[in-house]
Amino acid sequence: MDLSLDGRVAIVSGGSRGIGRAIAQALADEGVRVVLAARTQDDLDAAAHEIDRTHPGHVLAVSTDLRDASAVTQLVTRATDHFGSVDIAVSNVIGHVIDANKEGSGPGAGTFLGTPSASYREEFEHLFLSAWFLADAVIPQMKHRRWGRLLNIGSGVAREPMKELPHVLPNTVRPAVAGLYRMLAKELAPWNITVNNLLTGSILTERNRSYWEWLAAERSLPVAEVQRVMTDVIPAGRMGEPTEMAAVATFLASEQAAHLTGQSIPIDGGINRHL
Amino acid sequence: MDLGLSGKAILVIAADERDRESCSASLTDEGALVLAAQGPEGALEQIRTRYGQVDGVVFYLSVHGDHSVLTATTQTLLTAWEEVVGVIDTLRLAAEEMATRQWGRLVTVLPSEVKSLHEDDDDVASIAGLGLLGLQKAAVADVASSGICANAILRTTQSSPSEVADAVAFLLSDGAGYLHGVTLSFDGAQSASMF
């Protein structure tokens with residue numbers, strides 16, 4: 001199917017690894033010029049090199065701290081100067097991590113009773129403000145061209161917290177991000193700008209693998225046992241691939257999905273079955 | 001119906017005087033020992049000093065902001081979120097104490113915008129409210145087995161404060177002991193949302 005994305009320009013935050021990288025690759029495969037944004041330059045360069053090999057001149061890597069409003073503005077300016085516009089913005093930022101110095105760490109396993117209030121402030125800056133800054137920086141030019149796609153890579157916990165995985169920080173902030181996206185969807189629909197939120201399930205990323213290792217150590221279980229328990233609750237009977245997240249994101253960015261907006265879509269093999 | 005609230009120490013935190021008064025009146029009618037505060041700061045210490053313990057916390061979200069998220073500023077959003085951050089320690093410390101007695105109630109009263117996201121709604125209040133709803137649902141996993149119920153009420157500006165207060169009283173009651181992570185829309189059927 002021709003998704004009519006050839007020549008569009010996308011910013012993909014968190015685009016150097018995991019789901020973000022898969023989305024960047026999938027968009028590039030459809031002819032989209034992609035701007036990868038993340039904090040670690042080496043990872044960015046590696047991801048950009050990979051995309052550039054198959055799509056020469058279609059990728060730009062910009063080291064950015066998405067929590068910094070002025071840095072996000074600079075990112076959008078650079079992307080626009082380089083490729084002429086920003087048509088698609090993918091907000092893909094992880095929140096609190098177990099060990100911020102350890103690459104690949106998963107979300108912090110915090111409980112309500114064990115998490116001080118200051119952490120909720122930090123999580124809001126990570127997850128909410130980063131999404132807000134990116135949207136705020138690209139909306140004016142999308143409105144001007146009367147075309148745009150905003151996508152947030154959220155999590156299934158925004159809709160249904162998991163008792164087995166006590167992540168009180170993202171559980172608290174992600175619903176607010178989902179609300180933000182629904183509000184933006186309502187406001188921006190007249191300009192043909194769609195705004196959607198993907199609810200991630202268990203996806204086979206490096207970050208999740210290291211998270212399962214951490215969880216296994218915490219619970220004195222073999223890693224395979226942790227993975228088995230987590231897989232058992234997935235009706236599809238398997239974990240998802242980053243490319244499967246990317247496929248949905250790419251479709252939502254397409255011309256064909258112009259009437260699909262304000263949605264929170266679980267991509268989790270059937271875990272979340274709310275009506 | 002006896003709500004089983006006689007002698008229970010309930011902390012009511014509400015910036016609006018009418019909310020404090022109506023909630024206090026409804027709970028006092030049921031024999032509860034009520035301490036009403038304008039904000040969370042120092043409130044837990046006050047109720048413990050006065051009644052020796054806390055069995056329930058009721059929090060009315062008061063944040064107001066720009067109608068549209070498109071015109072909100074980063075500062076507006078941070079200020080709104082600060083009201084969420086400001087009450088979390090009170091809820092958490094109260095729950096720790098409640099767990100020792102295997103009985104407790106946490107009730108948040110939020111604007112109905114949280115669910116409806118209507119055109120004229122207060123987007124900033126919705127963002128703060130959605131955070132509190134998420135927190136309440138996540139807290140359930142942690143506290144439900146300790147006999148602590150965390151639930152929420154959504155109200156519109158047309159909702160009668162005394163009716164909302166009566167619903168709060170019910171959620172604090174023994175009879176509501178199997179309700180965990182529930183959201184009651186007190187909006188006269190204004191919300192057309194199915195779920």
# chains A, B, ... in the order shown; residues from 1 in each chain; ligands from 1

call {"tool": "closest_atom_pairs", "arguments": {"of": "chain A", "to": "chain B", "cutoff": "10 Å", "atoms": "only C-alpha atoms", "output": "JSON lines"}}
result
{"residue": "A:Ala69", "atom": "CA", "partner": "B:Thr74", "partner_atom": "CA", "distance": 9.1}
{"residue": "A:Thr111", "atom": "CA", "partner": "B:Asp142", "partner_atom": "CA", "distance": 6.7}
{"residue": "A:Phe112", "atom": "CA", "partner": "B:Ala139", "partner_atom": "CA", "distance": 5.3}
{"residue": "A:Leu113", "atom": "CA", "partner": "B:Arg92", "partner_atom": "CA", "distance": 5.6}
{"residue": "A:Gly114", "atom": "CA", "partner": "B:Arg92", "partner_atom": "CA", "distance": 8.4}
{"residue": "A:Thr115", "atom": "CA", "partner": "B:Arg92", "partner_atom": "CA", "distance": 8.5}
{"residue": "A:Pro116", "atom": "CA", "partner": "B:Asp89", "partner_atom": "CA", "distance": 6.6}
{"residue": "A:Ser117", "atom": "CA", "partner": "B:Val85", "partner_atom": "CA", "distance": 5.5}
{"residue": "A:Ala118", "atom": "CA", "partner": "B:Val85", "partner_atom": "CA", "distance": 7.1}
{"residue": "A:Ser119", "atom": "CA", "partner": "B:Val85", "partner_atom": "CA", "distance": 8.8}
{"residue": "A:Tyr120", "atom": "CA", "partner": "B:Val85", "partner_atom": "CA", "distance": 6.3}
{"residue": "A:Arg121", "atom": "CA", "partner": "B:Val85", "partner_atom": "CA", "distance": 6.5}
{"residue": "A:Phe124", "atom": "CA", "partner": "B:Trp81", "partner_atom": "CA", "distance": 7.8}
{"residue": "A:Glu125", "atom": "CA", "partner": "B:Leu78", "partner_atom": "CA", "distance": 8.6}
{"residue": "A:Phe128", "atom": "CA", "partner": "B:Leu77", "partner_atom": "CA", "distance": 9.5}
{"residue": "A:Leu129", "atom": "CA", "partner": "B:Thr74", "partner_atom": "CA", "distance": 7.8}
{"residue": "A:Trp132", "atom": "CA", "partner": "B:Thr74", "partner_atom": "CA", "distance": 8.5}
{"residue": "A:Phe133", "atom": "CA", "partner": "B:Thr74", "partner_atom": "CA", "distance": 8.5}
{"residue": "A:Ala135", "atom": "CA", "partner": "B:Leu70", "partner_atom": "CA", "distance": 9.7}
{"residue": "A:Asp136", "atom": "CA", "partner": "B:Leu70", "partner_atom": "CA", "distance": 7.8}
{"residue": "A:Ile139", "atom": "CA", "partner": "B:Leu70", "partner_atom": "CA", "distance": 9.4}
{"residue": "A:Val157", "atom": "CA", "partner": "B:Gly134", "partner_atom": "CA", "distance": 8.8}
{"residue": "A:Ala158", "atom": "CA", "partner": "B:Gly134", "partner_atom": "CA", "distance": 7.2}
{"residue": "A:Arg159", "atom": "CA", "partner": "B:Gly134", "partner_atom": "CA", "distance": 8.1}
{"residue": "A:Glu160", "atom": "CA", "partner": "B:Lys137", "partner_atom": "CA", "distance": 8.0}
{"residue": "A:Pro161", "atom": "CA", "partner": "B:Ala138", "partner_atom": "CA", "distance": 5.7}
{"residue": "A:Met162", "atom": "CA", "partner": "B:Ala141", "partner_atom": "CA", "distance": 7.8}
{"residue": "A:Lys163", "atom": "CA", "partner": "B:Ala141", "partner_atom": "CA", "distance": 5.1}
{"residue": "A:Glu164", "atom": "CA", "partner": "B:Ala141", "partner_atom": "CA", "distance": 8.3}
{"residue": "A:Leu165", "atom": "CA", "partner": "B:Ala141", "partner_atom": "CA", "distance": 9.2}
{"residue": "A:Pro166", "atom": "CA", "partner": "B:Ala138", "partner_atom": "CA", "distance": 7.2}
{"residue": "A:His167", "atom": "CA", "partner": "B:Ala138", "partner_atom": "CA", "distance": 7.6}
{"residue": "A:Val168", "atom": "CA", "partner": "B:Ala138", "partner_atom": "CA", "distance": 5.6}
{"residue": "A:Leu169", "atom": "CA", "partner": "B:Leu135", "partner_atom": "CA", "distance": 8.0}
{"residue": "A:Pro170", "atom": "CA", "partner": "B:Gly134", "partner_atom": "CA", "distance": 8.7}
{"residue": "A:Asn171", "atom": "CA", "partner": "B:Gly134", "partner_atom": "CA", "distance": 5.5}
{"residue": "A:Thr172", "atom": "CA", "partner": "B:Gly134", "partner_atom": "CA", "distance": 4.3}
{"residue": "A:Val173", "atom": "CA", "partner": "B:Gly131", "partner_atom": "CA", "distance": 5.4}
{"residue": "A:Arg174", "atom": "CA", "partner": "B:Gly131", "partner_atom": "CA", "distance": 7.6}
{"residue": "A:Pro175", "atom": "CA", "partner": "B:Leu130", "partner_atom": "CA", "distance": 5.6}
{"residue": "A:Ala176", "atom": "CA", "partner": "B:Ile127", "partner_atom": "CA", "distance": 4.8}
{"residue": "A:Val177", "atom": "CA", "partner": "B:Ile127", "partner_atom": "CA", "distance": 7.6}
{"residue": "A:Ala178", "atom": "CA", "partner": "B:Leu130", "partner_atom": "CA", "distance": 8.8}
{"residue": "A:Gly179", "atom": "CA", "partner": "B:Ile127", "partner_atom": "CA", "distance": 6.3}
{"residue": "A:Leu180", "atom": "CA", "partner": "B:Ile127", "partner_atom": "CA", "distance": 6.8}
{"residue": "A:Tyr181", "atom": "CA", "partner": "B:Val69", "partner_atom": "CA", "distance": 9.8}
{"residue": "A:Arg182", "atom": "CA", "partner": "B:Leu117", "partner_atom": "CA", "distance": 7.8}
{"residue": "A:Met183", "atom": "CA", "partner": "B:Leu117", "partner_atom": "CA", "distance": 6.8}
{"residue": "A:Leu184", "atom": "CA", "partner": "B:Val69", "partner_atom": "CA", "distance": 7.2}
{"residue": "A:Lys186", "atom": "CA", "partner": "B:Glu119", "partner_atom": "CA", "distance": 7.9}
{"residue": "A:Glu187", "atom": "CA", "partner": "B:Leu70", "partner_atom": "CA", "distance": 7.8}
{"residue": "A:Leu188", "atom": "CA", "partner": "B:Leu70", "partner_atom": "CA", "distance": 9.3}
{"residue": "A:His274", "atom": "CA", "partner": "B:Phe195", "partner_atom": "CA", "distance": 8.8}
{"residue": "A:Leu275", "atom": "CA", "partner": "B:Phe195", "partner_atom": "CA", "distance": 7.4}

call {"tool": "select_by_dssp", "arguments": {"residues": "range 31-149 of chain A", "states": "helix (DSSP H, G or I)", "output": "JSON, numbers by chain"}}
result
{"A": [41, 42, 43, 44, 45, 46, 47, 48, 49, 50, 51, 52, 53, 54, 69, 70, 71, 72, 73, 74, 75, 76, 77, 78, 79, 80, 81, 82, 83, 117, 118, 119, 120, 121, 122, 123, 124, 125, 126, 127, 128, 129, 130, 131, 132, 133, 134, 135, 136, 137, 138, 139, 140, 141, 142, 143, 144, 145]}

call {"tool": "residues_around", "arguments": {"residues": "Asp87 in chain A", "least_positions_apart": "3", "cutoff": "6 Å", "atoms": "only C-alpha atoms", "output": "PyMOL selection string"}}
result
chain A and resi 9-10+148

call {"tool": "residues_around", "arguments": {"residues": "Arg17 in chain A", "least_positions_apart": "4", "cutoff": "10 Å", "atoms": "only C-alpha atoms", "output": "list in words"}}
result
Ser13, Arg21, Ala22, Ile23, Ala24, Leu36, Ala38, Asp43, Leu44, Ala46, Ala47, Gly104, Thr205, Glu206, Arg207 and Pro242 of chain A

call {"tool": "closest_residue", "arguments": {"among": "A:Thr77, A:Ser91, A:Thr231, A:Asn192", "to": "Lys143 in chain A", "atoms": "only C-alpha atoms"}}
result
A:Asn192

call {"tool": "residues_around", "arguments": {"residues": "Ala152 in chain B", "least_positions_apart": "6", "cutoff": "7 Å", "atoms": "only C-alpha atoms", "output": "VMD selection string"}}
result
chain B and resid 107 to 109 182 to 184

call {"tool": "write_last_selection", "arguments": {"atoms": "all heavy atoms", "output": "PDB file, in the first residue's frame"}}
result
ATOM      1  N   VAL B 107     -10.274   9.177  49.176  1.00  0.00           N
ATOM      2  CA  VAL B 107     -11.265   9.614  48.191  1.00  0.00           C
ATOM      3  C   VAL B 107     -10.786  10.921  47.554  1.00  0.00           C
ATOM      4  O   VAL B 107     -10.451  11.865  48.265  1.00  0.00           O
ATOM      5  CB  VAL B 107     -12.659   9.842  48.837  1.00  0.00           C
ATOM      6  CG1 VAL B 107     -13.662  10.315  47.792  1.00  0.00           C
ATOM      7  CG2 VAL B 107     -13.154   8.566  49.515  1.00  0.00           C
ATOM      8  N   THR B 108     -10.759  10.951  46.232  1.00  0.00           N
ATOM      9  CA  THR B 108     -10.426  12.203  45.546  1.00  0.00           C
ATOM     10  C   THR B 108     -11.655  12.687  44.783  1.00  0.00           C
ATOM     11  O   THR B 108     -12.370  11.894  44.163  1.00  0.00           O
ATOM     12  CB  THR B 108      -9.246  12.019  44.562  1.00  0.00           C
ATOM     13  OG1 THR B 108      -9.451  10.830  43.809  1.00  0.00           O
ATOM     14  CG2 THR B 108      -7.932  11.914  45.290  1.00  0.00           C
ATOM     15  N   VAL B 109     -11.886  13.979  44.855  1.00  0.00           N
ATOM     16  CA  VAL B 109     -13.018  14.595  44.150  1.00  0.00           C
ATOM     17  C   VAL B 109     -12.432  15.474  43.045  1.00  0.00           C
ATOM     18  O   VAL B 109     -11.673  16.407  43.320  1.00  0.00           O
ATOM     19  CB  VAL B 109     -13.885  15.430  45.108  1.00  0.00           C
ATOM     20  CG1 VAL B 109     -15.081  16.029  44.350  1.00  0.00           C
ATOM     21  CG2 VAL B 109     -14.374  14.569  46.276  1.00  0.00           C
ATOM     22  N   VAL B 182     -12.367   2.784  41.753  1.00  0.00           N
ATOM     23  CA  VAL B 182     -13.602   3.107  41.028  1.00  0.00           C
ATOM     24  C   VAL B 182     -13.738   4.618  40.857  1.00  0.00           C
ATOM     25  O   VAL B 182     -13.310   5.395  41.700  1.00  0.00           O
ATOM     26  CB  VAL B 182     -14.816   2.539  41.815  1.00  0.00           C
ATOM     27  CG1 VAL B 182     -16.127   3.134  41.352  1.00  0.00           C
ATOM     28  CG2 VAL B 182     -14.839   1.023  41.705  1.00  0.00           C
ATOM     29  N   THR B 183     -14.349   5.023  39.747  1.00  0.00           N
ATOM     30  CA  THR B 183     -14.617   6.441  39.509  1.00  0.00           C
ATOM     31  C   THR B 183     -16.117   6.636  39.356  1.00  0.00           C
ATOM     32  O   THR B 183     -16.727   6.080  38.436  1.00  0.00           O
ATOM     33  CB  THR B 183     -13.918   6.908  38.212  1.00  0.00           C
ATOM     34  OG1 THR B 183     -12.530   6.575  38.308  1.00  0.00           O
ATOM     35  CG2 THR B 183     -14.058   8.398  38.025  1.00  0.00           C
ATOM     36  N   LEU B 184     -16.734   7.398  40.271  1.00  0.00           N
ATOM     37  CA  LEU B 184     -18.171   7.679  40.190  1.00  0.00           C
ATOM     38  C   LEU B 184     -18.377   9.028  39.525  1.00  0.00           C
ATOM     39  O   LEU B 184     -17.855  10.032  39.999  1.00  0.00           O
ATOM     40  CB  LEU B 184     -18.789   7.720  41.595  1.00  0.00           C
ATOM     41  CG  LEU B 184     -18.728   6.468  42.464  1.00  0.00           C
ATOM     42  CD1 LEU B 184     -19.424   6.734  43.804  1.00  0.00           C
ATOM     43  CD2 LEU B 184     -19.388   5.290  41.765  1.00  0.00           C
TER      44      LEU B 184
END

call {"tool": "closest_residue", "arguments": {"among": "A:Ala216, A:Ile11, A:Ala236, A:Ala185", "to": "Val138 in chain A", "atoms": "only C-alpha atoms"}}
result
A:Ile11

call {"tool": "residues_around", "arguments": {"residues": "Glu163 in chain B", "least_positions_apart": "3", "cutoff": "10 Å", "atoms": "only C-alpha atoms", "output": "count of residues only"}}
result
11

call {"tool": "select_by_dssp", "arguments": {"residues": "chain B", "states": "strand (DSSP E or B)", "output": "VMD selection string"}}
result
chain B and resid 9 to 13 33 to 37 56 to 60 104 to 111 148 to 155 183 to 186

call {"tool": "residues_around", "arguments": {"residues": "range 54-64 of chain A", "least_positions_apart": "5", "cutoff": "7 Å", "atoms": "only C-alpha atoms", "output": "VMD selection string"}}
result
chain A and resid 33 to 41 44 to 45 48 71 to 72 75

call {"tool": "write_last_selection", "arguments": {"atoms": "all heavy atoms", "output": "tab-separated table (two decimals), in the first residue's frame"}}
result
chain	number	residue	atom	x	y	z
A	33	ARG	N	11.83	11.74	5.38
A	33	ARG	CA	13.12	12.21	5.91
A	33	ARG	C	12.99	12.21	7.43
A	33	ARG	O	12.02	12.78	7.96
A	33	ARG	CB	13.39	13.63	5.44
A	33	ARG	CG	13.99	13.75	4.04
A	33	ARG	CD	13.10	13.19	2.98
A	33	ARG	NE	13.57	13.50	1.63
A	33	ARG	CZ	13.18	12.87	0.55
A	33	ARG	NH1	12.31	11.85	0.64
A	33	ARG	NH2	13.63	13.20	-0.63
A	34	VAL	N	13.94	11.58	8.11
A	34	VAL	CA	13.78	11.44	9.55
A	34	VAL	C	14.87	12.17	10.32
A	34	VAL	O	16.04	12.13	9.95
A	34	VAL	CB	13.73	9.95	10.00
A	34	VAL	CG1	12.44	9.29	9.55
A	34	VAL	CG2	14.91	9.17	9.49
A	35	VAL	N	14.43	12.81	11.38
A	35	VAL	CA	15.35	13.49	12.29
A	35	VAL	C	15.32	12.74	13.60
A	35	VAL	O	14.27	12.67	14.26
A	35	VAL	CB	14.91	14.96	12.50
A	35	VAL	CG1	15.89	15.68	13.44
A	35	VAL	CG2	14.81	15.68	11.16
A	36	LEU	N	16.43	12.14	13.94
A	36	LEU	CA	16.51	11.37	15.17
A	36	LEU	C	16.95	12.28	16.31
A	36	LEU	O	17.93	13.01	16.18
A	36	LEU	CB	17.52	10.23	15.04
A	36	LEU	CG	17.41	9.31	13.82
A	36	LEU	CD1	18.49	8.24	13.87
A	36	LEU	CD2	16.02	8.67	13.80
A	37	ALA	N	16.24	12.22	17.41
A	37	ALA	CA	16.61	13.03	18.57
A	37	ALA	C	16.71	12.14	19.80
A	37	ALA	O	15.79	11.35	20.07
A	37	ALA	CB	15.57	14.12	18.80
A	38	ALA	N	17.82	12.24	20.49
A	38	ALA	CA	18.00	11.52	21.75
A	38	ALA	C	19.17	12.19	22.45
A	38	ALA	O	19.79	13.12	21.90
A	38	ALA	CB	18.27	10.04	21.50
A	39	ARG	N	19.47	11.72	23.64
A	39	ARG	CA	20.52	12.42	24.39
A	39	ARG	C	21.93	11.94	24.04
A	39	ARG	O	22.87	12.70	24.06
A	39	ARG	CB	20.28	12.25	25.90
A	39	ARG	CG	19.40	13.33	26.47
A	39	ARG	CD	19.16	13.15	27.93
A	39	ARG	NE	18.32	11.99	28.23
A	39	ARG	CZ	17.92	11.65	29.43
A	39	ARG	NH1	18.31	12.34	30.48
A	39	ARG	NH2	17.15	10.60	29.63
A	40	THR	N	22.06	10.64	23.72
A	40	THR	CA	23.41	10.07	23.55
A	40	THR	C	23.84	10.12	22.09
A	40	THR	O	23.27	9.43	21.23
A	40	THR	CB	23.43	8.62	24.06
A	40	THR	OG1	22.82	8.59	25.35
A	40	THR	CG2	24.86	8.09	24.18
A	41	GLN	N	24.86	10.95	21.83
A	41	GLN	CA	25.28	11.19	20.45
A	41	GLN	C	25.75	9.91	19.76
A	41	GLN	O	25.44	9.67	18.59
A	41	GLN	CB	26.39	12.25	20.42
A	41	GLN	CG	26.76	12.75	19.03
A	41	GLN	CD	25.64	13.58	18.39
A	41	GLN	OE1	25.11	14.50	18.99
A	41	GLN	NE2	25.25	13.21	17.17
A	44	LEU	N	22.91	7.85	18.61
A	44	LEU	CA	22.25	8.56	17.51
A	44	LEU	C	23.01	8.37	16.20
A	44	LEU	O	22.42	8.08	15.16
A	44	LEU	CB	22.20	10.06	17.81
A	44	LEU	CG	21.03	10.58	18.65
A	44	LEU	CD1	21.27	12.05	18.97
A	44	LEU	CD2	19.72	10.41	17.92
A	45	ASP	N	24.33	8.54	16.31
A	45	ASP	CA	25.15	8.43	15.10
A	45	ASP	C	25.06	7.02	14.51
A	45	ASP	O	24.99	6.85	13.29
A	45	ASP	CB	26.62	8.78	15.42
A	45	ASP	CG	26.78	10.27	15.71
A	45	ASP	OD1	25.88	11.05	15.34
A	45	ASP	OD2	27.81	10.64	16.32
A	48	ALA	N	21.65	6.66	12.88
A	48	ALA	CA	21.58	7.48	11.66
A	48	ALA	C	22.40	6.84	10.54
A	48	ALA	O	21.97	6.82	9.38
A	48	ALA	CB	22.09	8.89	11.96
A	71	ALA	N	15.93	23.48	23.99
A	71	ALA	CA	16.60	22.45	23.18
A	71	ALA	C	15.63	21.86	22.16
A	71	ALA	O	16.01	21.58	21.02
A	71	ALA	CB	17.16	21.35	24.08
A	72	VAL	N	14.38	21.70	22.55
A	72	VAL	CA	13.38	21.15	21.63
A	72	VAL	C	13.09	22.16	20.51
A	72	VAL	O	12.96	21.77	19.34
A	72	VAL	CB	12.08	20.77	22.39
A	72	VAL	CG1	10.99	20.33	21.42
A	72	VAL	CG2	12.37	19.67	23.40
A	75	LEU	N	15.87	21.90	18.14
A	75	LEU	CA	15.73	20.66	17.36
A	75	LEU	C	14.79	20.89	16.16
A	75	LEU	O	15.11	20.51	15.02
A	75	LEU	CB	15.18	19.56	18.27
A	75	LEU	CG	14.59	18.32	17.59
A	75	LEU	CD1	15.71	17.50	16.92
A	75	LEU	CD2	13.84	17.45	18.61

call {"tool": "atom_distance", "arguments": {"atom1": "CA of Leu260 in chain A", "atom2": "CA of Arg145 in chain A"}}
result
18.8 Å
